[in-house]
Structure formats: structure tokens, C-alpha cells
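Accompanying notes for the structure given below.
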2 protein chains.
Amino acid sequence: MNDVARLAGVSIKTVSRVVNDEPGVHPSTAERVLAAIDQLGFRRNLSARNLRRGSSTGTIGLVLEDVGNPFYSGVTRAVEEIARLRGRQVISGSSDEDPGRERELALEFCSRRVDGLLIVPAGLQHSYLVPEMRAGTPVVFLDRPAGDVVADTVLVDNIGGTIEAVTHLASHGHRRIAFLGDAPDIFTANERLRGYREGCVRAGIGYHEELVAMGPHDESSVRTTLQRLHTMREPATAIVAGNNRITVYVLRALAGVAERPALVGFDDFELADLLSPPVTVIAHDASALGKAATDLLFARLDGDNSPPRRVVLPVRLVPRGSGEVHA
Amino acid sequence: MNDVARLAGVSIKTVSRVVNDEPGVHPSTAERVLAAIDQLGFRRNLSARNLRRGSSTGTIGLVLEDVGNPFYSGVTRAVEEIARLRGRQVISGSSDEDPGRERELALEFCSRRVDGLLIVPAGLQHSYLVPEMRAGTPVVFLDRPAGDVVADTVLVDNIGGTIEAVTHLASHGHRRIAFLGDAPDIFTANERLRGYREGCVRAGIGYHEELVAMGPHDESSVRTTLQRLHTMREPATAIVAGNNRITVYVLRALAGVAERPALVGFDDFELADLLSPPVTVIAHDASALGKAATDLLFARLDGDNSPPRRVVLPVRLVPRGSGEVHA
DNA sequence: GCCCACTATGACAACGTTGTCCCCCAGCGG
DNA sequence: CCGCTGGGGGACAACGTTGTCATAGTGGGC
């Protein structure tokens, strides 16, 4: 800006005025300034601007588990979309379920003075965010609640979803329904397990520990588990898969198996309808989740001071075939 | 920092020293400062720091077409990964194939003084980046080359891939091979079309305009196209789909159709192996693309001044079944 | 011809840091 | 007792902006 001012033969304040479309600059001066800007390829430094103005940095931070997972990339897309409408950029990072990494990312974003934070929590301790929240940075947790702070949270109906999954399978005659969930210290995994249990009780088929296999799972652990479920005294005839990754592992393990158990997967995924049989899922909308969380964040930025809210988004069972196999 | 200094009864410079682990602070003083920092929840302002030091902002900008597309979210993940190793955060945005939006995003990132830019170009004009590049911001284009500037570029072997696809299908006896590509003003779509044409020539089956349908495509346009290809005088017996989205549209359109043409899709995708028939694809690695581009960017940041490079990543045909149907 | 209002412009401080330079003081050798 | 050394610490400027206030010139009404 200094260089521009020198080249145009004006003060830097005048350049600032031109750059910011402030009134009170003679057209011919403005023209000279613009020419200088063009010649020098000047672009104003947003950091300096924001520092000086003490205002918003125009960024929001997004910490999620893994952008590579289609579910989270859907969330990211929605967040980006809303942020764009509100003139913000998104800085994001993946925690890989590592609480340390989550914390590192979140605090790094705070150091950059993001206007707000969206976090898919990896851990259960979030008191590290208390100073930031007290300092006025709004934080919204999504997909999972925070561990030890009260804050805005947007969840999906994990319990209701798995209840529905079990109920659906039971209504097709299944009495030995297994549950393959993610690591039990992950909130959603635990909630879905609770829903599974509740669903079993409601269906009157009882809760049997041997039908549950919590993760972390990979392709081979799922394969082994399915083997076990198939060869036990009273084999499982149906499976509820706890998330999109596990569903895929299950599908892979079952590929080529003649006698397939019924299957309902939590999380919808592309092509589920084109598999054979098409996969019945508990669907919920990644972009709705991202949108709800971002809307909530912006409401806070707009001055909403009401007590922290917890939004639970509905899920719906999409019957496609794999869950309608009779026992 | 001011407040911390006041509370600890020292100068702000001393606080700065403590925060930056600089030597020359008495342990007892440091302790007082740390206590004050803790009490006030102080976190140093990275913008101010970077402004003062005139150094890197520790961010890189990523402009892509749509984070929601699994291909690009794979790229994003890889970029994030490398950036993390080098202590950088990633700011990203989706252009939705809109050149204006791409430009807006890229320039916004430049205003934020990103250390470097990774761009999946939406348009063909990138001279707007010349001032930035001259000012020292390295730019790497990925997946597609820049329109009118010479710059580092990382591509995949689009032409080789489609040649291979056509050759493969021809070797299974197909002589009427159709190509469904994306909008012809998209570089990759055009390259793949060229590869298709070249493949037809090499296979000695000739290039026939009526077998080509360039986009933009949606589910219904693909459906119509397939209808046309099927009912023409000499119907197409095989299809090359120009990208992952089009492949999915084709699969959806063919669902339930008895007499399916052979199919090879450009871009691999999850579950391709679990469909029936499993989908033969031209595979290339999104994360390899992201990694190569980011590595190149960091090489520039490390001072590599060699002439702009063009890296072309290999693709490979993965036969799974859908392309091995004999004509 | 004088005062006032108004336009166009600039000087300067400040945002929150850090780099540079300088000062104070204790301890020590001569 | 003097001078020197070195550790601990502070004052100040500067990064690139913008907000505040001041100032010079201009033209109009009386």
C-alpha cells in the first residue's frame, strides 16, 4: 500500500480509501491510485486489516474426523456453502479420532482467531475450550456431544435409528439380530448400541451380549466376527451395521456368500440402491447436519445468547431389500 | 498480551519471550507469566505474529470443484496430510465449475496471504494469478492445467487411460463403443475424448460421432443417451463413462436392464467391486494426485526455482467384470 | 471582503506481536 | 574502588492496515 501510495503520489490513507470504496476521493485521484494498484499487483492484506479493525477474521474452523469419509465430506460441503453465503472461509482439519489432534487443530484455529468453531469431537474432554468460549468464540459440536462442557450440539437420532433398525428386522421375523458397532468410546457408537439394546427389548427378543461386536473394526475383524456369528449355536440371521464403513466391510465380507443374513446399515451411502440386494439403511442427511450446525453457529455470531441448544435431527429407515429378507 | 504483562507485573516483551520460549527469562518470572496466561486464557494472535514477522501465514489455499465429490475429498485429505507434516493449515473452497467463483476463492486466499495455492481450475483464464505468482505465491494446478499461464501442473494420464479403456473393450470384440463425457470445455473431458478417439483409431474400429455424447450430464440426459445408443441402427455394445459421476448415472440407468452393454468407467469408486457385475474402471489415485501436487508446492516453498513442471500420473485399468463382457 | 460549509487529502495512532537495542545491577578480578 | 561482564528485563519501532482528527483549498451567501 505504501508502494502504491508513492507511485500514485498520494498518502496511504487515500489508497486505503480507494481500496475500501470510501467516499471523498476525487475521481481523477482514484483513477491514479487504481492504475498504481494495477501496475504493482497490489492486494490488500486481510490479516492486517482484521488486526486493525479488531473485527472478524472472516474464517470459521472445522474439525472433523476425516474429510476423506463421504459422510464428513458431505458435512464439509454444507458448511462451506453456508459460510460462503455469510462471507466466510472455512479452515478445516481431520482429527482421525485422535483427541490430541482434535485439540491441536481447535486451538490452532483459535490462535488464528476464527469467528467460530465447528467440531466433531474425537475425545471426551473439551474443557480446553472453556477459555476460548468465554472469550467469545462460539463453538458448535456436531455429530457427537462435547465431553465436559455445555455447548451447542447437533446430533442425529442415533438411538431412534437403531431402534427402528432392530424393530424393522424383528418385524420380518428375525430374532437373532447382531450389532457391529464402532469403538465404544465413540459417542455415536455407544448411542447406537443403546438403541440396539432398547430395540431388542421392545421387540421382545432379548439382548444377548454374544451378538454384539464393538470396534474399532477393520475389514478383517468384521470378517472374523461374521464368521463367529454364523457358526455360533444359534446363528445370527440379521445384522445391524453401526456406520457406513462397517456396512461396507460387512458387504465385502458377505460378497459371494450364499446364505446372507439380513442387513441394515446406519448411514446412507452412494450406490446402496444399486447393490444386490440393495442395502437397507438408516439414512440421515450429512448436509442437513452441516447446515444445522453452521446455522446455529451463525445465530451465535449474530448475537443469539440463549442457553446452549441441542438439536437432534431425525433419521429414517430406507427399505431397499437387504433388510426385508425373512428369517 | 498486554493484560498478561500487567497481571504478571512485567513488560509485554517479557511475556513474548515466555510465549516463544526465548532464553533470558528468570524461571520465577516465567512462572508468574505462565500463571497469568493461564488465568486470563491468553492465546497469542497468530495473525499479528505473522504480520510482524513478515513470514509465512502457515496456510495453504485449496480450490477444487466440489469437496462433496469423493474424488476431491480424497485429494483434500491427502493435501491436508502433507500440509500437516509441514505445519500448515488448509483453507479450502469449492468452485462448482464456476470460473468466477474459482477466481474469487483464489484471490480471497491470496488476500489472506496463503503460502501457496493448489487449484483445480474451473476456467481457462488464469492470468489473474500472474501478479500473485510474480509476488512469490507458488501455484500448482491439479487435475487440469491452467488456461493461459505457465505453472506447475499435476495431471493424470487422461488420454492413455481412455485409449486403454477402448483398447480393452475392443479386445473383447466390441466395435460399437460409445463415450459419455463431461462438458467439452472441461480439460479432462476433452482429453478423455481425444483418448477415446485415438483408441478407436488404433483399434481399427473408426471414430463415429454418433457414439459420442458430451455433457454436462445429469441422470436423465444419460438415460436418454443410453436409450438412443441402444436403439440406433447399429447399437453401441459398450460404453466408456468419462468420470465417476457419469459412471454412476450409467449404472443407475442400466439397473434392471436385461441386455447390458459392457462398461468401463474413468475414476475408481468405492463399492465398484461389489456391484453386479463389478465395474471395470480406469483407476487413478486421488490421494496420489493430492500428494504430488502438495509435494510440488512445498518444493517451491523450499526454494525450488526450476522451470514449471508438468507431472502426469499413471492410470491403470482394473478389470472387474463389466468391461469383460463379450460383444 | 469575510465567514462558513464542504470537499479532498494527509498525519498520526493503534491493532497485537516481535526484533533491535539499550539499561540496570550483581558479581568478580585487579 | 573501578571497570568489566553477563544475565535479566524493558522501551520502542515496525509489520500493513484503518479510524480519528486536522488542514488546505474552494466556492457561495451576505
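Going by the C-alpha cells order, chains are called A, B, ..., each with residues numbered from 1, while ligands are numbered from 1 in the order shown.
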Show me a table, sorted first by chain and then by increasing residue number, of the residues of chain A having an atom at most 8 Å from chain C, each with its shortest atom pair and the distance in Å to one decimal, counting only C-alpha atoms (C1' of nucleotides) and written as a tab-separated table.
residue	atom	partner	partner_atom	distance
A:Ser11	CA	C:DG10	C1'	6.3
A:Lys13	CA	C:DG10	C1'	7.4
A:Thr14	CA	C:DT9	C1'	7.2
A:Gly24	CA	C:DA8	C1'	6.3
A:Val25	CA	C:DA8	C1'	6.2
A:His26	CA	C:DA8	C1'	6.7
A:Leu51	CA	C:DC15	C1'	5.2
A:Arg52	CA	C:DC15	C1'	4.1
A:Arg53	CA	C:DC15	C1'	6.9
A:Gly54	CA	C:DC15	C1'	6.5
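Residue-level contacts from chain D to chain A at 8 Å, counting only C-alpha atoms (C1' of nucleotides), read DG16, DT17 and DT18 of chain D.
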Output for the residues just chosen: N, CA and C atoms (P, O5', C5', C4', C3', O3' and C1' of nucleotides) as a PDB file, in the first residue's frame:
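File part_30.pdb, as written:
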ATOM      1  P    DG D  16       4.692  -4.608   5.304  1.00  0.00           P
ATOM      2  O5'  DG D  16       3.112  -4.400   5.370  1.00  0.00           O
ATOM      3  C5'  DG D  16       2.275  -5.548   5.358  1.00  0.00           C
ATOM      4  C4'  DG D  16       0.850  -5.108   5.602  1.00  0.00           C
ATOM      5  C3'  DG D  16       0.351  -4.042   4.626  1.00  0.00           C
ATOM      6  O3'  DG D  16      -0.953  -4.418   4.231  1.00  0.00           O
ATOM      7  C1'  DG D  16       0.046  -3.315   6.850  1.00  0.00           C
ATOM      8  P    DT D  17      -1.747  -3.645   3.109  1.00  0.00           P
ATOM      9  O5'  DT D  17      -3.152  -3.538   3.819  1.00  0.00           O
ATOM     10  C5'  DT D  17      -3.544  -2.312   4.344  1.00  0.00           C
ATOM     11  C4'  DT D  17      -4.337  -2.543   5.589  1.00  0.00           C
ATOM     12  C3'  DT D  17      -5.409  -1.496   5.753  1.00  0.00           C
ATOM     13  O3'  DT D  17      -6.669  -2.091   5.495  1.00  0.00           O
ATOM     14  C1'  DT D  17      -3.999  -1.625   7.715  1.00  0.00           C
ATOM     15  P    DT D  18      -7.834  -1.121   5.051  1.00  0.00           P
ATOM     16  O5'  DT D  18      -8.170  -0.418   6.443  1.00  0.00           O
ATOM     17  C5'  DT D  18      -8.793  -1.162   7.477  1.00  0.00           C
ATOM     18  C4'  DT D  18      -9.014  -0.260   8.669  1.00  0.00           C
ATOM     19  C3'  DT D  18      -9.962   0.915   8.406  1.00  0.00           C
ATOM     20  O3'  DT D  18     -10.728   1.086   9.585  1.00  0.00           O
ATOM     21  C1'  DT D  18      -7.908   1.740   9.162  1.00  0.00           C
TER      22       DT D  18
END
Give the residues of chain B that lie within 8 Å of chain A; count only C-alpha atoms, and format the answer as a PyMOL selection string. chain B and resi 40-41+43-48+51+66-70+73-74+76-77+80+89-94+110-113+131-132+248+251-252+255+271+274-276
Please provide as an mmCIF file with N, CA and C atoms, in the first residue's frame all residues within 12 Å of B:Pro184, with the sequence filter that same-chain residues fewer than 2 positions apart are discarded (counting only C-alpha atoms (C1' of nucleotides)).
data_model
loop_
_atom_site.group_PDB
_atom_site.id
_atom_site.type_symbol
_atom_site.label_atom_id
_atom_site.label_comp_id
_atom_site.auth_asym_id
_atom_site.auth_seq_id
_atom_site.Cartn_x
_atom_site.Cartn_y
_atom_site.Cartn_z
ATOM 1 N N GLY B 123 -11.948 -22.707 -14.962
ATOM 2 C CA GLY B 123 -11.996 -21.985 -16.226
ATOM 3 C C GLY B 123 -10.710 -22.135 -17.008
ATOM 4 N N LEU B 180 -19.413 -41.391 -23.140
ATOM 5 C CA LEU B 180 -20.204 -40.359 -22.470
ATOM 6 C C LEU B 180 -19.249 -39.531 -21.627
ATOM 7 N N GLY B 181 -19.026 -38.292 -22.061
ATOM 8 C CA GLY B 181 -18.059 -37.458 -21.355
ATOM 9 C C GLY B 181 -18.706 -36.240 -20.735
ATOM 10 N N ASP B 182 -17.934 -35.577 -19.908
ATOM 11 C CA ASP B 182 -18.415 -34.361 -19.255
ATOM 12 C C ASP B 182 -18.388 -33.205 -20.267
ATOM 13 N N ILE B 186 -14.351 -28.723 -20.297
ATOM 14 C CA ILE B 186 -13.538 -29.173 -19.166
ATOM 15 C C ILE B 186 -12.358 -29.964 -19.712
ATOM 16 N N PHE B 187 -11.176 -29.554 -19.314
ATOM 17 C CA PHE B 187 -9.957 -30.136 -19.869
ATOM 18 C C PHE B 187 -9.962 -31.661 -19.859
ATOM 19 N N THR B 188 -10.247 -32.232 -18.687
ATOM 20 C CA THR B 188 -10.176 -33.690 -18.581
ATOM 21 C C THR B 188 -11.170 -34.351 -19.523
ATOM 22 N N ALA B 189 -12.336 -33.745 -19.665
ATOM 23 C CA ALA B 189 -13.354 -34.322 -20.544
ATOM 24 C C ALA B 189 -12.851 -34.340 -21.980
ATOM 25 N N ASN B 190 -12.236 -33.261 -22.352
ATOM 26 C CA ASN B 190 -11.735 -33.128 -23.710
ATOM 27 C C ASN B 190 -10.579 -34.107 -23.968
ATOM 28 N N GLU B 191 -9.678 -34.206 -23.011
ATOM 29 C CA GLU B 191 -8.555 -35.119 -23.144
ATOM 30 C C GLU B 191 -9.050 -36.556 -23.276
ATOM 31 N N ARG B 192 -10.019 -36.870 -22.447
ATOM 32 C CA ARG B 192 -10.521 -38.241 -22.467
ATOM 33 C C ARG B 192 -11.222 -38.529 -23.795
ATOM 34 N N LEU B 193 -11.873 -37.509 -24.304
ATOM 35 C CA LEU B 193 -12.480 -37.672 -25.620
ATOM 36 C C LEU B 193 -11.392 -37.944 -26.666
ATOM 37 N N ARG B 194 -10.301 -37.187 -26.570
ATOM 38 C CA ARG B 194 -9.202 -37.398 -27.512
ATOM 39 C C ARG B 194 -8.661 -38.819 -27.400
ATOM 40 N N VAL B 212 -20.746 -40.554 -29.545
ATOM 41 C CA VAL B 212 -20.197 -39.676 -28.511
ATOM 42 C C VAL B 212 -21.281 -38.755 -27.975
ATOM 43 N N ALA B 213 -21.360 -38.633 -26.679
ATOM 44 C CA ALA B 213 -22.299 -37.695 -26.067
ATOM 45 C C ALA B 213 -21.592 -36.955 -24.946
ATOM 46 N N MET B 214 -21.217 -35.710 -25.256
ATOM 47 C CA MET B 214 -20.543 -34.923 -24.232
ATOM 48 C C MET B 214 -21.571 -34.182 -23.393
ATOM 49 N N GLY B 215 -21.204 -33.854 -22.169
ATOM 50 C CA GLY B 215 -22.114 -33.263 -21.187
ATOM 51 C C GLY B 215 -22.191 -31.762 -21.291
ATOM 52 N N PRO B 216 -22.632 -31.070 -20.266
ATOM 53 C CA PRO B 216 -22.846 -31.612 -18.925
ATOM 54 C C PRO B 216 -23.980 -32.632 -18.876
ATOM 55 N N HIS B 217 -23.751 -33.660 -18.065
ATOM 56 C CA HIS B 217 -24.738 -34.725 -17.949
ATOM 57 C C HIS B 217 -25.419 -34.729 -16.587
ATOM 58 N N GLY B 242 -17.090 -41.142 -18.811
ATOM 59 C CA GLY B 242 -15.997 -40.185 -18.701
ATOM 60 C C GLY B 242 -15.554 -39.788 -17.312
#
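Taking atom CA of A:Ala203 and atom CA of A:Gly173 as endpoints, the distance between them is 10.3 Å.
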Just list as a PyMOL selection string whatever in stretch 218-296 of chain B DSSP marks as strand (DSSP E or B).
chain B and resi 238-241+262-266+280-283
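Proximity to B:Arg309 was assessed for B:Pro145, B:Gly206, B:Pro235, B:Gly199 counting only C-alpha atoms; the smallest distance is recorded for B:Pro145.
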